[in-house]
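The structure appears below as structure tokens.
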Amino acid sequence: MKRVFMRIAGGFSLFAMVICCSSLFPSTCLGRSINDGIGTTGFVWLKAVSDAEVSAAGECIAARDGTAGILVHPAAIVTGLTHGTAKMSYVSHFVDTQYGTIGYANKIKDHYMGFRITYVNYGDFIATNSTGDRMGSFTAGDMGISFNMGKQAREDLKVGATVSYLTSKIQDFTAQAATIDLGAIYTPPFEGLTVGAMLMNVGKVFNGYSSEYTDKLPIYLTVGLRKTLQHSPFSLLADVTFPNDSDISYAFGIEANINDRFFLFGGTRSRSDVDLLSQKSKTNFSGIRTIGFGLNLDRYRFSYAYCPNNDLDNVHKITMSAQIF
């Protein structure tokens with residue numbers, strides 16, 4: 001009876017995070033519709049996923065355990081590391097925007113710890129005065145420094161938290177913020193099933209671009225599951241995300257594992273109602289599809305994601321990780 005109770009408690013710890021959305025995301029918990037939060041948050045790069053493997057599978061991340069989730073999902077750092085692991089991601093994004101991450105994770109006694117540095121470069125912009133005359137150029141960029149810690153709370157439950165310091169600069173204007181991310185990954189008593197949840201970007205902008213206005217942070221809650229099919233190389237993933245600045249979104253992904261060496265990924269994410277109205281998409285998932293592959297070579301892992309976009313530039317993502325003895 002005690003064993004059954006502990007398993008139920010593990011599932012409840014994840015469900016409790018979902019309950020938080022009733023206060024953090026009041027406009028999205030009752031249904032999927034255009035809400036008043038769209039376009040009201042800053043630090044929007046916090047919603048981007050740089051990891052190629054996660055992105056290739058439709059950006060399904062809530063139940064993503066193992067190497068792919070390290071330094072992305074707060075609880076995924078608890079992977080049973082026996083050596084330190086370095087990880088680097090690079091993204092060639094829309095309109096010459098580039099961003100990436102570099103980080104390191106290792107086990108220290110009973111805790112798993114890591115750090116990550118994130119950068120975003122938006123390129124050069126033309127500066128003009130009030131009459132439209134050119135006044136030179138300026139740059140814009142963002143950076144984040146994050147510290148991640150996780151623990152195996154029970155045999156079937158991993159928990160973790162990530163604390164970040166963020167800075168954003170546009171020309172001579174800067175903004176600063178601090179956030180905390182919380183995550184949990186639970187393995188219920190069903191073969192091949194993993195469920196997870198992550199609450200991201202809870203914090204405060206303590207220095208805005210202007211003293212007259214302070215941006216809000218793009219807080220979101222994601223819950224999801226991963227199911228590895230028995231006697232098959234395939235795993236299925238599904239996520240639902242509750243943001244404070246957009247509509248509820250849904251993601252679905254598939255992974256094919258070929259002898260733990262070669263991986264194929266595919267996925268799709270739903271569009272918001274704003275996207276559907278502005279782009280006149282025929283279906284909810286018509287314009288957001290992702291594909292990719294991964295190679296696992298003992299101490300090294302390489303992943304690539306191709307994210308086509310019919311309206312803007314195609315996005316390419318590369319991630320590499322290595323065990324360091």
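Ligands are numbered from 1 in the order shown, residues from 1 within each chain, and chains are lettered A, B, ... in the order they appear in the structure tokens.
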
**Request:** Identify, on the basis of only C-alpha atoms, every residue whose closest approach to Asn296 of chain A does not exceed 9 Å; exclude the query and any residue fewer than 5 positions from it along the same chain; express the result as a list in words.
**Result:**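 My reading of the contact set: Asp260, Arg261, Phe262, Phe263, Arg301, Phe302 and Ser303 of chain A.
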
**Message:** Just checking: using only C-alpha atoms, which residue out of A:Gln98, A:Thr228, A:Asn106, A:Thr167 ends up closest to Lys151 of chain A?
**Reply:** A:Asn106

**Message:** Residues of segment 87-296 of chain A classed as helix (DSSP H, G or I) by DSSP on the backbone are to be reported as a list in words.
**Reply:**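 Here is the list: Phe94, Val95, Asp96, Asp273, Val274, Asp275, Leu276, Leu277, Ser278 and Gln279 of chain A.
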
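Separating atom CA of Tyr119 of chain A from atom CA of Gly141 of chain A is a distance of 7.5 Å.
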
**Message:** To one decimal place in Å, what is the distance between atom CA of Asp51 of chain A and atom CA of Ser89 of chain A?
**Reply:**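 Spanning atom CA of Asp51 of chain A to atom CA of Ser89 of chain A is a straight-line distance of 6.0 Å.
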
**Message:** List the spatial neighbours of Ala76 of chain A as a ChimeraX atom specification - criterion: any atom at most 7 Å away, only C-alpha atoms, same-chain residues fewer than 6 positions off excluded.
**Reply:** /A:65-66,69-70

Would you save the residues of that selection, restricted to C-alpha atoms, as a compact mmCIF listing (two decimals), in the first residue's frame?
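So the final result, stored in result_29.txt, reads:
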# COMPACT_ATOMS: atom_id res chain seq x y z
CA ASP A 65 14.77 12.69 -20.30
CA GLY A 66 18.41 11.91 -20.99
CA GLY A 69 17.06 17.37 -22.09
CA ILE A 70 20.26 18.31 -20.24

**Complete:** re atom CA of Gly196 of chain A and atom CA of Asp156 of chain A: distance 11.5 Å

**Message:** Considering only strand (DSSP E) as DSSP defines it on the backbone, what residues of segment 57-121 of chain A qualify? List them as a ChimeraX atom specification.
**Reply:** /A:84-92,98-108,111-121

Writer output for current selection, C-alpha atoms, as an mmCIF file, in the first residue's frame:
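Heads up, here's the output in selection-v7.cif:
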data_model
loop_
_atom_site.group_PDB
_atom_site.id
_atom_site.type_symbol
_atom_site.label_atom_id
_atom_site.label_comp_id
_atom_site.auth_asym_id
_atom_site.auth_seq_id
_atom_site.Cartn_x
_atom_site.Cartn_y
_atom_site.Cartn_z
ATOM 1 C CA GLY A 84 31.058 15.556 -16.886
ATOM 2 C CA THR A 85 29.153 16.450 -20.047
ATOM 3 C CA ALA A 86 29.712 19.539 -22.190
ATOM 4 C CA LYS A 87 26.953 20.645 -24.545
ATOM 5 C CA MET A 88 26.747 23.283 -27.270
ATOM 6 C CA SER A 89 23.905 24.371 -29.576
ATOM 7 C CA TYR A 90 23.859 26.775 -32.520
ATOM 8 C CA VAL A 91 20.791 28.133 -34.335
ATOM 9 C CA SER A 92 20.607 29.980 -37.639
ATOM 10 C CA GLN A 98 21.624 33.750 -34.559
ATOM 11 C CA TYR A 99 21.582 32.274 -31.100
ATOM 12 C CA GLY A 100 23.062 29.412 -29.196
ATOM 13 C CA THR A 101 24.047 27.900 -25.881
ATOM 14 C CA ILE A 102 27.091 26.343 -24.294
ATOM 15 C CA GLY A 103 27.029 24.508 -20.989
ATOM 16 C CA TYR A 104 28.403 21.815 -18.724
ATOM 17 C CA ALA A 105 26.799 19.304 -16.336
ATOM 18 C CA ASN A 106 28.149 16.821 -13.815
ATOM 19 C CA LYS A 107 27.225 14.901 -10.670
ATOM 20 C CA ILE A 108 28.502 16.214 -7.355
ATOM 21 C CA HIS A 111 23.155 16.280 -6.727
ATOM 22 C CA TYR A 112 23.457 16.946 -10.429
ATOM 23 C CA MET A 113 24.650 20.434 -11.277
ATOM 24 C CA GLY A 114 25.319 22.428 -14.402
ATOM 25 C CA PHE A 115 25.594 25.873 -15.926
ATOM 26 C CA ARG A 116 24.613 27.310 -19.297
ATOM 27 C CA ILE A 117 25.388 30.505 -21.183
ATOM 28 C CA THR A 118 22.901 31.617 -23.834
ATOM 29 C CA TYR A 119 23.479 34.338 -26.405
ATOM 30 C CA VAL A 120 21.278 35.930 -29.065
ATOM 31 C CA ASN A 121 22.569 38.185 -31.859
#

**Item:** Test item: residues at most 6 Å from Ser249 of chain A, only C-alpha atoms, excluding those fewer than 5 positions along its chain, as a PyMOL selection string
**Value:** chain A and resi 240-241+270

When you look at Ser168 of chain A with a cut-off of 9 Å (counting only C-alpha atoms), what residues show up, excluding the ones that are within fewer than 3 positions of it in the same chain? I need them as a PDB file with N, CA and C atoms, in the first residue's frame.
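Printed below is selection.pdb as written:
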ATOM      1  N   PHE A  43      11.743  39.835 -23.441  1.00  0.00           N
ATOM      2  CA  PHE A  43      12.628  38.678 -23.373  1.00  0.00           C
ATOM      3  C   PHE A  43      12.017  37.464 -24.098  1.00  0.00           C
ATOM      4  N   ALA A 140      21.653  44.801 -31.586  1.00  0.00           N
ATOM      5  CA  ALA A 140      20.786  44.331 -30.503  1.00  0.00           C
ATOM      6  C   ALA A 140      21.164  42.889 -30.176  1.00  0.00           C
ATOM      7  N   GLY A 141      21.078  42.543 -28.915  1.00  0.00           N
ATOM      8  CA  GLY A 141      21.406  41.184 -28.515  1.00  0.00           C
ATOM      9  C   GLY A 141      20.977  40.893 -27.093  1.00  0.00           C
ATOM     10  N   ASP A 142      20.957  39.628 -26.755  1.00  0.00           N
ATOM     11  CA  ASP A 142      20.559  39.178 -25.424  1.00  0.00           C
ATOM     12  C   ASP A 142      21.568  38.162 -24.916  1.00  0.00           C
ATOM     13  N   MET A 143      21.603  37.984 -23.609  1.00  0.00           N
ATOM     14  CA  MET A 143      22.474  36.990 -23.015  1.00  0.00           C
ATOM     15  C   MET A 143      21.861  36.498 -21.712  1.00  0.00           C
ATOM     16  N   GLY A 144      22.084  35.222 -21.418  1.00  0.00           N
ATOM     17  CA  GLY A 144      21.612  34.655 -20.168  1.00  0.00           C
ATOM     18  C   GLY A 144      22.654  33.740 -19.563  1.00  0.00           C
ATOM     19  N   PHE A 173      20.004  51.029 -24.947  1.00  0.00           N
ATOM     20  CA  PHE A 173      19.030  50.690 -23.916  1.00  0.00           C
ATOM     21  C   PHE A 173      19.235  49.245 -23.475  1.00  0.00           C
ATOM     22  N   THR A 174      19.164  49.016 -22.177  1.00  0.00           N
ATOM     23  CA  THR A 174      19.350  47.670 -21.648  1.00  0.00           C
ATOM     24  C   THR A 174      18.227  47.318 -20.677  1.00  0.00           C
ATOM     25  N   ALA A 175      18.010  46.030 -20.537  1.00  0.00           N
ATOM     26  CA  ALA A 175      17.049  45.508 -19.564  1.00  0.00           C
ATOM     27  C   ALA A 175      17.671  44.301 -18.890  1.00  0.00           C
ATOM     28  N   GLN A 176      17.315  44.078 -17.641  1.00  0.00           N
ATOM     29  CA  GLN A 176      17.849  42.957 -16.877  1.00  0.00           C
ATOM     30  C   GLN A 176      16.728  42.251 -16.138  1.00  0.00           C
ATOM     31  N   ALA A 177      16.890  40.954 -15.959  1.00  0.00           N
ATOM     32  CA  ALA A 177      15.852  40.174 -15.290  1.00  0.00           C
ATOM     33  C   ALA A 177      16.470  38.961 -14.616  1.00  0.00           C
ATOM     34  N   TYR A 209      13.924  48.624 -20.121  1.00  0.00           N
ATOM     35  CA  TYR A 209      14.486  49.548 -21.104  1.00  0.00           C
ATOM     36  C   TYR A 209      14.162  50.991 -20.757  1.00  0.00           C
TER      37      TYR A 209
END

**Prompt:** Near Pro243 of chain A, counting only C-alpha atoms, which residues have an atom at most 6 Å away, once you skip same-chain residues fewer than 2 positions from it, shown as a list in words?
**Reply:**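 The filter keeps Ile219, Tyr220, Asp245 and Ser246 of chain A.
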
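Shortest separation to Asn309 of chain A among A:Asn257, A:Arg289, A:Thr268, A:Ser210 occurs at residue A:Arg289, atoms counted being only C-alpha atoms.
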
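Here the question is which of A:Leu182, A:Cys60, A:Ala68, A:Leu166 gets nearest to Ala322 of chain A using only C-alpha atoms, and that residue is A:Ala68.
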